[in-house]
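Containing mmCIF, C-alpha atoms: query_32.cif.
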```
data_entry
loop_
_atom_site.label_atom_id
_atom_site.label_comp_id
_atom_site.auth_asym_id
_atom_site.auth_seq_id
_atom_site.Cartn_x
_atom_site.Cartn_y
_atom_site.Cartn_z
CA MET A 1 -36.79 6.34 48.52
CA ASN A 2 -34.49 3.43 49.31
CA LEU A 3 -36.32 0.10 49.15
CA THR A 4 -33.20 -1.68 50.36
CA THR A 5 -31.69 -3.39 53.36
CA ASP A 6 -28.27 -1.76 52.99
CA SER A 7 -28.65 1.88 51.98
CA PHE A 8 -25.46 3.90 52.58
CA SER A 9 -27.49 6.56 54.41
CA GLY A 10 -29.14 4.07 56.76
CA ASP A 11 -32.67 4.76 55.53
CA GLY A 12 -33.35 1.46 53.76
CA LEU A 13 -37.12 0.94 54.03
CA PHE A 14 -37.00 -2.79 53.35
CA THR A 15 -35.85 -3.35 56.94
CA GLN A 16 -39.03 -1.81 58.38
CA ASN A 17 -41.52 -4.16 60.06
CA ASP A 18 -44.42 -2.77 58.03
CA PHE A 19 -42.64 -2.11 54.75
CA LEU A 20 -45.59 -0.70 52.79
CA LYS A 21 -46.79 1.51 55.65
CA ALA A 22 -43.28 2.94 56.05
CA THR A 23 -42.96 3.68 52.33
CA TRP A 24 -46.38 5.34 52.17
CA GLU A 25 -45.59 7.54 55.18
CA GLN A 26 -42.21 8.53 53.74
CA ALA A 27 -43.77 9.30 50.36
CA GLU A 28 -46.46 11.50 51.91
CA SER A 29 -43.89 13.27 54.06
CA MET A 30 -41.59 13.95 51.09
CA LEU A 31 -44.41 15.26 48.90
CA THR A 32 -45.76 17.48 51.69
CA SER A 33 -42.25 18.81 52.26
CA GLY A 34 -41.86 19.88 48.63
CA ALA A 35 -40.73 16.90 46.54
CA SER A 36 -42.13 16.72 43.01
CA ILE A 37 -40.61 13.34 42.05
CA LEU A 38 -40.35 10.10 44.03
CA ASP A 39 -37.32 8.02 43.00
CA LEU A 40 -37.69 4.36 44.01
CA GLY A 41 -34.52 2.29 44.20
CA ALA A 42 -34.32 -1.34 45.30
CA GLU A 43 -30.58 -1.94 44.86
CA SER A 44 -28.07 -0.13 47.03
CA SER A 45 -25.50 1.88 45.08
CA ARG A 46 -23.19 2.40 48.06
CA PRO A 47 -19.52 1.52 47.41
CA GLY A 48 -18.99 -2.23 47.68
CA ALA A 49 -22.69 -3.15 47.67
CA ALA A 50 -23.61 -6.42 45.94
CA GLU A 51 -25.69 -6.31 42.79
CA ILE A 52 -29.11 -7.95 42.94
CA THR A 53 -31.05 -9.68 40.18
CA SER A 54 -33.77 -7.97 38.21
CA GLU A 55 -36.28 -10.41 39.74
CA MET A 56 -35.30 -9.50 43.29
CA GLU A 57 -35.33 -5.82 42.40
CA TRP A 58 -38.83 -6.01 40.91
CA ASN A 59 -40.15 -8.01 43.89
CA ARG A 60 -39.19 -5.07 46.11
CA ILE A 61 -40.47 -2.36 43.77
CA ALA A 62 -43.77 -3.91 42.61
CA PRO A 63 -45.81 -3.65 45.85
CA VAL A 64 -44.52 -0.13 46.53
CA LEU A 65 -45.30 1.06 43.01
CA GLU A 66 -48.80 -0.38 43.31
CA GLU A 67 -49.22 1.46 46.61
CA LEU A 68 -47.87 4.82 45.43
CA LYS A 69 -48.97 5.12 41.80
CA SER A 70 -52.27 6.72 42.85
CA LEU A 71 -50.35 9.73 44.18
CA ASN A 72 -50.39 12.83 42.00
CA THR A 73 -46.66 12.89 41.36
CA ILE A 74 -43.92 11.64 39.03
CA ILE A 75 -42.55 8.24 40.01
CA SER A 76 -39.03 7.47 38.87
CA ILE A 77 -37.51 3.99 39.07
CA ASP A 78 -33.81 3.75 39.87
CA THR A 79 -32.73 0.73 37.78
CA TYR A 80 -30.33 -0.24 35.01
CA HIS A 81 -32.17 -3.53 34.28
CA ALA A 82 -34.30 -3.42 31.14
CA LYS A 83 -36.75 -5.99 32.52
CA THR A 84 -37.35 -4.02 35.73
CA ALA A 85 -37.77 -0.81 33.74
CA GLU A 86 -40.26 -2.43 31.37
CA LEU A 87 -42.36 -3.88 34.19
CA ALA A 88 -42.31 -0.61 36.13
CA LEU A 89 -43.32 1.51 33.14
CA ASN A 90 -46.15 -0.90 32.38
CA ASN A 91 -47.36 -0.58 35.96
CA GLY A 92 -47.54 3.14 36.54
CA ALA A 93 -43.97 4.45 36.70
CA ASN A 94 -43.12 7.58 34.71
CA TRP A 95 -39.33 7.88 34.51
CA ILE A 96 -36.28 5.60 34.56
CA ASN A 97 -33.12 6.64 36.42
CA SER A 98 -30.20 4.45 35.36
CA ILE A 99 -26.94 4.74 37.30
CA TRP A 100 -25.21 2.83 34.48
CA GLY A 101 -26.99 4.56 31.62
CA PHE A 102 -27.26 1.97 28.84
CA GLN A 103 -23.91 0.33 29.59
CA LYS A 104 -25.07 -2.66 31.68
CA ASP A 105 -28.17 -3.68 29.71
CA ALA A 106 -28.37 -2.62 26.07
CA ARG A 107 -32.05 -3.63 25.83
CA LEU A 108 -32.87 -0.67 28.06
CA LEU A 109 -32.54 1.49 24.92
CA SER A 110 -35.50 -0.22 23.24
CA VAL A 111 -37.58 -0.14 26.44
CA ILE A 112 -37.14 3.63 26.74
CA ARG A 113 -37.78 4.15 23.03
CA GLU A 114 -41.04 2.21 23.15
CA ALA A 115 -42.25 3.86 26.37
CA ARG A 116 -41.27 7.37 25.21
CA CYS A 117 -40.52 8.23 28.82
CA PRO A 118 -37.77 10.38 30.36
CA ILE A 119 -34.48 8.60 31.05
CA ILE A 120 -31.78 9.84 33.44
CA ILE A 121 -28.38 8.83 32.07
CA MET A 122 -25.68 8.90 34.74
CA HIS A 123 -21.91 8.81 34.36
CA ASN A 124 -20.46 5.89 36.30
CA SER A 125 -16.80 4.91 36.38
CA SER A 126 -16.97 2.56 39.37
CA ASP A 127 -15.55 -0.33 37.34
CA GLN A 128 -12.44 1.72 36.55
CA ALA A 129 -11.58 2.55 40.15
CA VAL A 130 -10.09 0.49 42.94
CA LEU A 131 -12.07 0.89 46.14
CA LYS A 132 -9.96 1.82 49.15
CA GLN A 133 -10.67 1.92 52.84
CA ASP A 134 -14.02 3.64 53.46
CA ASN A 135 -13.33 6.05 56.28
CA LEU A 136 -13.16 9.79 56.76
CA ASN A 137 -9.37 9.95 56.98
CA SER A 138 -8.47 8.51 53.60
CA SER A 139 -9.28 8.91 49.93
CA PHE A 140 -12.03 6.58 48.77
CA TYR A 141 -10.59 5.91 45.33
CA GLN A 142 -7.22 6.01 43.62
CA GLU A 143 -6.41 9.63 42.91
CA SER A 144 -4.48 8.61 39.78
CA ILE A 145 -7.45 7.01 38.03
CA HIS A 146 -8.87 10.30 36.73
CA GLN A 147 -7.32 13.69 36.17
CA ASN A 148 -9.39 16.68 35.02
CA VAL A 149 -12.52 14.58 35.21
CA THR A 150 -15.07 16.99 33.68
CA PRO A 151 -14.09 16.46 30.02
CA GLU A 152 -14.01 12.69 30.56
CA ILE A 153 -17.54 12.69 31.99
CA ILE A 154 -18.86 14.86 29.17
CA PHE A 155 -17.25 12.58 26.57
CA ASP A 156 -18.82 9.49 28.15
CA LEU A 157 -22.25 11.07 28.43
CA GLU A 158 -22.09 12.29 24.84
CA LYS A 159 -21.37 8.74 23.65
CA GLN A 160 -24.38 7.39 25.52
CA ILE A 161 -26.60 10.22 24.27
CA GLU A 162 -25.48 9.54 20.69
CA SER A 163 -26.38 5.85 21.07
CA ALA A 164 -29.79 6.80 22.44
CA LEU A 165 -30.52 9.25 19.64
CA ASN A 166 -29.37 6.73 17.02
CA GLN A 167 -31.81 4.18 18.49
CA GLY A 168 -34.77 6.52 18.13
CA ILE A 169 -34.90 8.02 21.62
CA SER A 170 -35.83 11.70 21.46
CA ALA A 171 -33.50 14.35 22.86
CA SER A 172 -36.49 15.63 24.86
CA GLN A 173 -36.52 12.36 26.85
CA ILE A 174 -32.93 12.68 28.08
CA ILE A 175 -31.77 13.99 31.47
CA ILE A 176 -28.09 13.76 32.41
CA ASP A 177 -26.38 13.17 35.76
CA PRO A 178 -22.57 13.60 36.18
CA GLY A 179 -22.63 10.89 38.87
CA ILE A 180 -21.28 12.25 42.15
CA GLY A 181 -19.33 9.39 43.73
CA PHE A 182 -19.37 6.31 41.51
CA GLY A 183 -15.63 5.88 40.94
CA LYS A 184 -14.61 9.48 41.59
CA THR A 185 -12.38 10.89 44.28
CA PRO A 186 -13.57 13.56 46.75
CA SER A 187 -11.58 16.24 44.89
CA GLN A 188 -13.12 15.17 41.58
CA ASN A 189 -16.62 15.40 43.07
CA LEU A 190 -15.83 18.97 44.15
CA GLU A 191 -14.61 19.71 40.61
CA ILE A 192 -17.90 18.43 39.16
CA ILE A 193 -19.96 20.68 41.42
CA LYS A 194 -17.76 23.67 40.60
CA ASN A 195 -18.25 22.96 36.87
CA LEU A 196 -22.00 22.26 36.74
CA ALA A 197 -22.45 25.22 34.38
CA THR A 198 -20.18 23.40 31.91
CA PHE A 199 -22.43 20.34 32.01
CA LYS A 200 -25.43 22.62 31.47
CA LYS A 201 -23.91 23.65 28.13
CA MET A 202 -24.57 20.13 26.84
CA GLY A 203 -28.18 21.25 26.40
CA PHE A 204 -30.00 18.68 28.54
CA PRO A 205 -31.75 18.96 31.91
CA LEU A 206 -29.26 18.17 34.67
CA LEU A 207 -29.74 16.10 37.83
CA LEU A 208 -27.40 16.10 40.82
CA GLY A 209 -27.37 13.42 43.51
CA ALA A 210 -24.92 14.67 46.14
CA SER A 211 -27.03 14.27 49.27
CA ARG A 212 -25.00 13.02 52.28
CA LYS A 213 -22.28 11.69 49.95
CA SER A 214 -18.82 10.66 51.14
CA PHE A 215 -16.96 13.68 49.75
CA ILE A 216 -18.99 15.88 52.13
CA GLY A 217 -17.85 13.67 54.99
CA VAL A 218 -14.23 13.99 53.86
CA VAL A 219 -14.34 17.79 53.67
CA LEU A 220 -16.17 18.24 56.98
CA ASN A 221 -14.80 15.13 58.72
CA LEU A 222 -18.34 14.12 59.65
CA PRO A 223 -20.33 10.86 59.55
CA ILE A 224 -23.35 10.34 57.30
CA ASP A 225 -25.96 11.51 59.80
CA GLN A 226 -24.22 14.90 60.24
CA ARG A 227 -23.90 15.99 56.61
CA LEU A 228 -27.03 18.13 56.22
CA GLU A 229 -25.24 21.50 56.17
CA GLY A 230 -22.74 20.20 53.62
CA THR A 231 -25.58 18.88 51.48
CA LEU A 232 -27.38 22.22 51.65
CA ALA A 233 -24.24 24.11 50.60
CA VAL A 234 -23.85 21.84 47.56
CA CYS A 235 -27.53 22.20 46.64
CA THR A 236 -27.32 25.99 46.90
CA LEU A 237 -24.35 26.08 44.52
CA ALA A 238 -26.11 23.68 42.15
CA VAL A 239 -29.30 25.76 41.99
CA SER A 240 -27.20 28.89 41.49
CA GLN A 241 -25.72 27.24 38.38
CA GLY A 242 -29.15 26.44 36.96
CA ILE A 243 -29.52 22.77 37.81
CA GLU A 244 -33.06 21.48 37.33
CA ILE A 245 -33.29 18.37 39.56
CA LEU A 246 -31.85 17.60 43.00
CA ARG A 247 -32.01 14.04 44.29
CA VAL A 248 -32.02 14.32 48.08
CA HIS A 249 -32.89 12.66 51.39
CA ASP A 250 -33.71 15.80 53.40
CA VAL A 251 -36.56 17.17 51.29
CA GLU A 252 -37.90 19.94 53.53
CA ALA A 253 -34.54 21.57 54.20
CA VAL A 254 -33.45 21.40 50.56
CA ALA A 255 -36.82 22.72 49.34
CA ARG A 256 -36.40 25.77 51.58
CA VAL A 257 -32.82 26.37 50.44
CA THR A 258 -33.87 25.98 46.81
CA LYS A 259 -36.72 28.45 47.21
CA ILE A 260 -34.56 31.22 48.65
CA THR A 261 -31.73 30.56 46.16
CA GLU A 262 -34.12 30.78 43.22
CA ALA A 263 -35.63 33.99 44.66
CA ILE A 264 -32.16 35.55 44.77
CA ASN A 265 -31.37 34.30 41.24
CA ASN A 266 -34.60 35.83 39.94
CA ALA A 267 -34.42 39.11 41.89
#
```
Could I get this file's structure written as structure tokens?
Amino acid sequence: MNLTTDSFSGDGLFTQNDFLKATWEQAESMLTSGASILDLGAESSRPGAAEITSEMEWNRIAPVLEELKSLNTIISIDTYHAKTAELALNNGANWINSIWGFQKDARLLSVIREARCPIIIMHNSSDQAVLKQDNLNSSFYQESIHQNVTPEIIFDLEKQIESALNQGISASQIIIDPGIGFGKTPSQNLEIIKNLATFKKMGFPLLLGASRKSFIGVVLNLPIDQRLEGTLAVCTLAVSQGIEILRVHDVEAVARVTKITEAINNA
């Protein structure tokens, strides 16, 4: 759930006239369609988006969290700010989903340790890449920045996991995300999806956030609002490789695809 004005997928709820009504309706729709976790994010992570302060982020999240915490579901907060995470966990949130892991705000380690809540640690190499023209006919990032990206991602995630464990965070709290997009080329994103079983060998639950992403647009030469089939293909492959969590926009369609894929896996 994007509590933003500038979501890459065009579904930023903060632009709605009745912000809280729109978020409640979207939450109900997602849960009815098969979602088991609501992930609230107040800062856009689209390429080139400006960072916002923790205060601004919390001002967007707080009223929505108050509105939705009565729902019988897990609420995850998409933030890398320790202060936002602390406030959210003290006000009804259950998980933290950090697109920068512990790299942007070291105090997040102590917040997660004290709360004893799940933390999604994502690989992010956006600072190492040079953003290029964002269109469907060009690469989005320098192809030379990363080669054979899977070992690099695993190495980075292992370093962050080691830091977390050394700071008293339990292994049972940790979920990992290879970070589709976020400083990676389209071909590298395809490599990640092909190698999800390798990430599974790390021994932690795995999350994938590939919904409507740019690499799908590159492969299919389609704009954001026409990437459902590509998203469903990726989700099918992910579930086939044993992935536990899919972060998506199109809940109903993905829930149906997941159900049939799991039925085939378990036949």
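Interatomic distance, CA of Asp156 (chain A) to CA of Gly217 (chain A): 27.2 Å.
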Do you know which residues are at most 10 Å from region 68-77 of chain A counting only C-alpha atoms, after dropping those on the same chain fewer than 6 positions away, and could you put them as an mmCIF file with C-alpha atoms, in the frame of the given file?
```cif
data_model
loop_
_atom_site.group_PDB
_atom_site.id
_atom_site.type_symbol
_atom_site.label_atom_id
_atom_site.label_comp_id
_atom_site.auth_asym_id
_atom_site.auth_seq_id
_atom_site.Cartn_x
_atom_site.Cartn_y
_atom_site.Cartn_z
ATOM 1 C CA MET A 1 -36.790 6.340 48.520
ATOM 2 C CA LEU A 20 -45.590 -0.700 52.790
ATOM 3 C CA THR A 23 -42.960 3.680 52.330
ATOM 4 C CA TRP A 24 -46.380 5.340 52.170
ATOM 5 C CA ALA A 27 -43.770 9.300 50.360
ATOM 6 C CA GLU A 28 -46.460 11.500 51.910
ATOM 7 C CA LEU A 31 -44.410 15.260 48.900
ATOM 8 C CA ALA A 35 -40.730 16.900 46.540
ATOM 9 C CA SER A 36 -42.130 16.720 43.010
ATOM 10 C CA ILE A 37 -40.610 13.340 42.050
ATOM 11 C CA LEU A 38 -40.350 10.100 44.030
ATOM 12 C CA ASP A 39 -37.320 8.020 43.000
ATOM 13 C CA LEU A 40 -37.690 4.360 44.010
ATOM 14 C CA GLY A 41 -34.520 2.290 44.200
ATOM 15 C CA ALA A 42 -34.320 -1.340 45.300
ATOM 16 C CA ILE A 61 -40.470 -2.360 43.770
ATOM 17 C CA THR A 84 -37.350 -4.020 35.730
ATOM 18 C CA ALA A 85 -37.770 -0.810 33.740
ATOM 19 C CA ALA A 88 -42.310 -0.610 36.130
ATOM 20 C CA LEU A 89 -43.320 1.510 33.140
ATOM 21 C CA ASN A 91 -47.360 -0.580 35.960
ATOM 22 C CA GLY A 92 -47.540 3.140 36.540
ATOM 23 C CA ALA A 93 -43.970 4.450 36.700
ATOM 24 C CA ASN A 94 -43.120 7.580 34.710
ATOM 25 C CA TRP A 95 -39.330 7.880 34.510
ATOM 26 C CA ILE A 96 -36.280 5.600 34.560
ATOM 27 C CA ASN A 97 -33.120 6.640 36.420
ATOM 28 C CA SER A 98 -30.200 4.450 35.360
ATOM 29 C CA PRO A 118 -37.770 10.380 30.360
ATOM 30 C CA ILE A 119 -34.480 8.600 31.050
ATOM 31 C CA ILE A 120 -31.780 9.840 33.440
#
```
Please write the residues picked by the PyMOL selection byres ((chain A and resi 172) around 10) on this file as a PyMOL selection string. chain A and resi 116-119+169-171+173-175+204-205
Counting only C-alpha atoms, which residues sit no farther than 10 Å from the position (-14.3, 13.7, 41.6) in the file's frame? I'd like them as a PDB file with C-alpha atoms, in the frame of the given file.
```pdb
ATOM      1  CA  TYR A 141     -10.590   5.910  45.330  1.00  0.00           C
ATOM      2  CA  GLU A 143      -6.410   9.630  42.910  1.00  0.00           C
ATOM      3  CA  HIS A 146      -8.870  10.300  36.730  1.00  0.00           C
ATOM      4  CA  GLN A 147      -7.320  13.690  36.170  1.00  0.00           C
ATOM      5  CA  ASN A 148      -9.390  16.680  35.020  1.00  0.00           C
ATOM      6  CA  VAL A 149     -12.520  14.580  35.210  1.00  0.00           C
ATOM      7  CA  THR A 150     -15.070  16.990  33.680  1.00  0.00           C
ATOM      8  CA  PRO A 178     -22.570  13.600  36.180  1.00  0.00           C
ATOM      9  CA  GLY A 179     -22.630  10.890  38.870  1.00  0.00           C
ATOM     10  CA  ILE A 180     -21.280  12.250  42.150  1.00  0.00           C
ATOM     11  CA  GLY A 181     -19.330   9.390  43.730  1.00  0.00           C
ATOM     12  CA  PHE A 182     -19.370   6.310  41.510  1.00  0.00           C
ATOM     13  CA  GLY A 183     -15.630   5.880  40.940  1.00  0.00           C
ATOM     14  CA  LYS A 184     -14.610   9.480  41.590  1.00  0.00           C
ATOM     15  CA  THR A 185     -12.380  10.890  44.280  1.00  0.00           C
ATOM     16  CA  PRO A 186     -13.570  13.560  46.750  1.00  0.00           C
ATOM     17  CA  SER A 187     -11.580  16.240  44.890  1.00  0.00           C
ATOM     18  CA  GLN A 188     -13.120  15.170  41.580  1.00  0.00           C
ATOM     19  CA  ASN A 189     -16.620  15.400  43.070  1.00  0.00           C
ATOM     20  CA  LEU A 190     -15.830  18.970  44.150  1.00  0.00           C
ATOM     21  CA  GLU A 191     -14.610  19.710  40.610  1.00  0.00           C
ATOM     22  CA  ILE A 192     -17.900  18.430  39.160  1.00  0.00           C
ATOM     23  CA  ILE A 193     -19.960  20.680  41.420  1.00  0.00           C
ATOM     24  CA  PHE A 215     -16.960  13.680  49.750  1.00  0.00           C
TER      25      PHE A 215
END
```
Could you please determine the separation between CA of Ile260 (chain A) and CA of Gly34 (chain A) in Å, to one decimal place?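 Computed distance, CA of Ile260 (chain A) to CA of Gly34 (chain A), equals 13.5 Å.
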Between CA of Phe199 (chain A) and CA of Pro151 (chain A), measure the distance and give it in Å to one decimal.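 About the pair CA of Phe199 (chain A) and CA of Pro151 (chain A): they are 9.4 Å apart.
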